[in-house]
Structures are given as C-alpha cells and as structure tokens.
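Text of coords-v1.csv (CSV, C-alpha atoms (C1' of nucleotides)) as supplied:
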chain,number,residue,atom,x,y,z
A,248,MET,CA,6.1,-13.9,-23.8
A,249,THR,CA,7.5,-11.4,-21.3
A,250,SER,CA,4.6,-9.0,-21.1
A,251,SER,CA,5.1,-5.5,-19.9
A,252,PHE,CA,3.7,-6.4,-16.5
A,253,GLN,CA,6.3,-9.3,-16.1
A,254,GLU,CA,9.1,-7.0,-17.2
A,255,LYS,CA,8.2,-4.7,-14.3
A,256,VAL,CA,8.1,-7.6,-11.9
A,257,TYR,CA,11.5,-8.9,-12.9
A,258,SER,CA,13.0,-5.4,-12.9
A,259,VAL,CA,12.1,-5.0,-9.3
A,260,VAL,CA,12.7,-8.5,-8.0
A,261,ARG,CA,16.0,-8.8,-9.8
A,262,ARG,CA,17.2,-5.7,-7.9
A,263,ILE,CA,16.6,-7.2,-4.5
A,264,PRO,CA,20.1,-7.5,-2.9
A,265,ARG,CA,21.2,-10.7,-1.3
A,266,GLY,CA,20.2,-11.0,2.3
A,267,LYS,CA,17.2,-8.7,1.8
A,268,THR,CA,13.6,-9.5,1.3
A,269,LEU,CA,10.7,-7.6,-0.2
A,270,THR,CA,6.9,-8.2,0.1
A,271,TYR,CA,4.7,-8.8,-2.9
A,272,LYS,CA,2.9,-5.6,-2.1
A,273,GLU,CA,6.2,-3.7,-2.0
A,274,VAL,CA,7.1,-5.1,-5.4
A,275,ALA,CA,3.7,-4.1,-6.8
A,276,LEU,CA,4.1,-0.7,-5.3
A,277,LYS,CA,7.4,-0.2,-7.0
A,278,MET,CA,5.7,-1.1,-10.3
A,279,GLY,CA,3.2,1.6,-9.7
A,280,MET,CA,0.4,-0.8,-8.9
A,281,PRO,CA,-0.1,-0.9,-5.1
A,282,ASN,CA,-3.0,-3.3,-5.2
A,283,ALA,CA,-1.5,-5.8,-7.7
A,284,ALA,CA,0.3,-7.9,-5.1
A,285,ARG,CA,-1.7,-11.0,-6.1
A,286,ALA,CA,-0.9,-10.6,-9.8
A,287,VAL,CA,2.8,-10.3,-8.8
A,288,GLY,CA,2.8,-13.6,-7.0
A,289,ASN,CA,0.8,-15.2,-9.8
A,290,THR,CA,3.4,-14.1,-12.4
A,291,LEU,CA,6.3,-15.4,-10.4
A,292,ASN,CA,4.5,-18.7,-9.9
A,293,LYS,CA,3.8,-19.3,-13.6
A,294,ASN,CA,7.2,-18.2,-14.7
A,295,ARG,CA,9.2,-20.5,-12.3
A,296,SER,CA,12.4,-18.9,-13.6
A,297,LYS,CA,15.7,-18.8,-11.6
A,298,ASP,CA,16.8,-15.7,-13.5
A,299,VAL,CA,15.2,-13.7,-10.8
A,300,PRO,CA,15.5,-14.1,-7.0
A,301,CYS,CA,11.8,-14.7,-6.5
A,302,HIS,CA,12.7,-16.5,-3.3
A,303,ARG,CA,13.4,-13.1,-1.8
A,304,VAL,CA,9.8,-12.1,-2.1
A,305,ILE,CA,7.6,-12.9,0.9
A,306,ARG,CA,4.2,-12.0,2.3
A,307,SER,CA,3.4,-8.7,4.1
A,308,ASP,CA,2.1,-10.8,7.1
A,309,GLY,CA,5.7,-11.9,7.7
A,310,LYS,CA,5.0,-15.4,6.5
A,311,ILE,CA,7.2,-17.0,4.0
A,312,GLY,CA,4.6,-17.1,1.2
A,313,GLY,CA,5.0,-19.7,-1.5
A,314,TYR,CA,7.6,-21.2,-3.9
A,315,TYR,CA,7.2,-23.3,-7.0
A,316,TRP,CA,9.7,-25.8,-5.7
A,317,GLY,CA,8.2,-25.7,-2.2
A,318,ALA,CA,8.1,-23.1,0.6
A,319,ALA,CA,10.6,-25.2,2.6
A,320,ALA,CA,13.2,-24.8,-0.2
A,321,LYS,CA,12.5,-21.1,-0.2
A,322,ILE,CA,13.2,-20.8,3.5
A,323,GLU,CA,16.4,-22.9,3.1
A,324,ILE,CA,17.7,-20.5,0.4
A,325,LEU,CA,17.0,-17.5,2.6
A,326,LYS,CA,18.9,-19.1,5.4
A,327,LYS,CA,21.8,-19.7,3.2
A,328,GLU,CA,21.8,-16.1,2.1
A,329,GLY,CA,21.7,-14.9,5.7
A,330,THR,CA,18.2,-13.4,5.4
A,331,ILE,CA,17.2,-15.6,8.3
B,1408,DC,C1',-14.5,-14.6,-25.5
B,1409,DA,C1',-16.0,-15.9,-20.4
B,1410,DT,C1',-14.7,-18.0,-16.2
B,1411,DT,C1',-11.6,-19.8,-12.9
B,1412,DT,C1',-7.2,-19.9,-10.6
B,1413,DG,C1',-3.7,-18.3,-7.3
B,1414,DA,C1',3.4,-17.7,-4.4
B,1415,DC,C1',-1.7,-11.5,-1.8
B,1416,DG,C1',-3.6,-7.8,1.3
B,1417,DC,C1',-6.8,-5.5,4.2
B,1418,DC,C1',-11.0,-5.1,7.0
B,1419,DA,C1',-14.8,-6.9,9.9
B,1420,DA,C1',-16.4,-10.1,13.3
C,327,DT,C1',-5.3,-12.0,18.7
C,328,DT,C1',-7.1,-15.2,15.3
C,329,DT,C1',-10.3,-16.5,11.5
C,330,DG,C1',-13.3,-15.5,7.7
C,331,DG,C1',-14.6,-12.9,3.9
C,332,DC,C1',-14.0,-9.4,0.2
C,333,DG,C1',-11.4,-6.9,-3.2
C,334,DC,C1',-7.7,-6.6,-7.0
C,335,DC,C1',-5.0,-8.1,-10.9
C,336,DA,C1',-2.9,-10.7,-14.6
C,337,DA,C1',-2.5,-15.2,-16.7
C,338,DA,C1',-4.3,-19.8,-17.7
C,339,DT,C1',-8.1,-22.8,-19.0

What's the structure tokens form of this structure?
Amino acid sequence: MTSSFQEKVYSVVRRIPRGKTLTYKEVALKMGMPNAARAVGNTLNKNRSKDVPCHRVIRSDGKIGGYYWGAAAKIEILKKEGTI
DNA sequence: CATTTGACGCCAA
DNA sequence: TTTGGCGCCAAAT
C-alpha cells in the first residue's frame, strides 16, 4: 500500500529522536498539511507498524493521545525512553 | 461510488 | 478553566 501520504507520515515520525515527542499537528505541518493532524493519527492507527516510533507522537493538548496496543503501553514506552 | 470512522485541533459558550 | 461542537483529512466499510 504505502500511499504518498503515508510515506510522508513515516518520513517525519521515523526521524523523531529517542526521548523526544512530536504532536500530530506538528507531524502534519512538516508534511505541508497543517490541518491534516487527524489523518495522521488515522494513518498510524490503521498501520499499527513498529517500523516507526509512532509512540512518540502525542496530542497538542499535552495528553498522551492513543495507541493501537493501548495508551498505557504508549506511556510506558515513553517512560523507558526517558521522555517522561 | 457514497458514507462512516477516528490515535486531532481550534473556537465558542 | 472545562465542556461541547465544528472543521479537516485520509482510509475503511
């Protein structure tokens, strides 16, 4: 599959360094689509791939957001990485 | 092909 | 400040 849109999402998310977190909006903004934050989250959810550190993408509100394997697991990973 | 879904974000009340 | 509603976008049904 890997549509052009997904390639952009992965390109940005994959570059997120360990111990750092980006918001869905920031990712969308880097793609050149400032208002596609929702589509970004939707793409990561459907893909459920570990090839990309999608757990480093959180909401702009400061909330954890979501995770295919559960938000709790997402938080746990961030803690292990030192983000929290 | 048309409609609904969903890991979002911002504004108004 | 907190809650509700509206707008946006791509993928799935």

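You will find atom CA of Tyr271 of chain A at 23.4 Å from atom C1' of DA1419 of chain B.
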
List every residue of chain A that has an atom at most 9 Å from any atom of chain C, and for each one report the closest atom pair and its distance in Å to one decimal, counting all atoms listed in the file, with rows sorted by chain and then by increasing residue number, as CSV.
residue,atom,partner,partner_atom,distance
A:Phe252,CA,C:DA336,C1',8.1
A:Asn282,CA,C:DC334,C1',6.0
A:Ala283,CA,C:DC335,C1',5.3
A:Ala284,CA,C:DC335,C1',7.9
A:Arg285,CA,C:DC335,C1',6.5
A:Ala286,CA,C:DC335,C1',4.9
A:Val287,CA,C:DA336,C1',8.1
A:Asn289,CA,C:DA336,C1',7.5
A:Thr290,CA,C:DA337,C1',7.4
A:Lys293,CA,C:DA337,C1',8.1

List the spatial neighbours of Ile305 of chain A as a short mmCIF file (atom, residue, chain, number, x, y, z; two decimals) with C-alpha atoms, in the frame of the given file - criterion: any atom at most 8 Å away, all atoms listed in the file, same-chain residues fewer than 6 positions off excluded.
data_model
loop_
_atom_site.label_atom_id
_atom_site.label_comp_id
_atom_site.auth_asym_id
_atom_site.auth_seq_id
_atom_site.Cartn_x
_atom_site.Cartn_y
_atom_site.Cartn_z
CA THR A 268 13.60 -9.50 1.30
CA LEU A 269 10.70 -7.60 -0.20
CA THR A 270 6.90 -8.20 0.10
CA TYR A 271 4.70 -8.80 -2.90
CA ILE A 311 7.20 -17.00 4.00
CA GLY A 312 4.60 -17.10 1.20
CA GLY A 313 5.00 -19.70 -1.50
#

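Going from atom CA of Val259 of chain A over to atom CA of Tyr315 of chain A, you cover 19.1 Å.
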
Please identify all polymer residues within 6 Å of His302 of chain A, counting only C-alpha atoms (C1' of nucleotides), omitting same-chain residues fewer than 2 positions from it, and present them as a PDB file with C-alpha atoms, keeping the file's coordinate frame.
ATOM      1  CA  PRO A 300      15.500 -14.100  -7.000  1.00  0.00           C
ATOM      2  CA  VAL A 304       9.800 -12.100  -2.100  1.00  0.00           C
ATOM      3  CA  LYS A 321      12.500 -21.100  -0.200  1.00  0.00           C
TER       4      LYS A 321
END

Which chain B residues have any atom within 7 Å of an atom of chain A, and for each, what is the nearest pair of atoms with distance in Å to one decimal, counting all atoms listed in the file, rows sorted by chain and number, as JSON lines?
{"residue": "B:DG1413", "atom": "C1'", "partner": "A:Asn289", "partner_atom": "CA", "distance": 6.0}
{"residue": "B:DA1414", "atom": "C1'", "partner": "A:Gly313", "partner_atom": "CA", "distance": 3.9}
{"residue": "B:DC1415", "atom": "C1'", "partner": "A:Arg285", "partner_atom": "CA", "distance": 4.3}

Atom CA of Lys267 of chain A to atom CA of Gln253 of chain A measures 21.0 Å

ask   = Within 10 Å of Arg262 of chain A, counting only C-alpha atoms (C1' of nucleotides), which residues qualify if same-chain residues fewer than 4 places away don't, as a ChimeraX atom specification?
value = /A:257-258,299-300
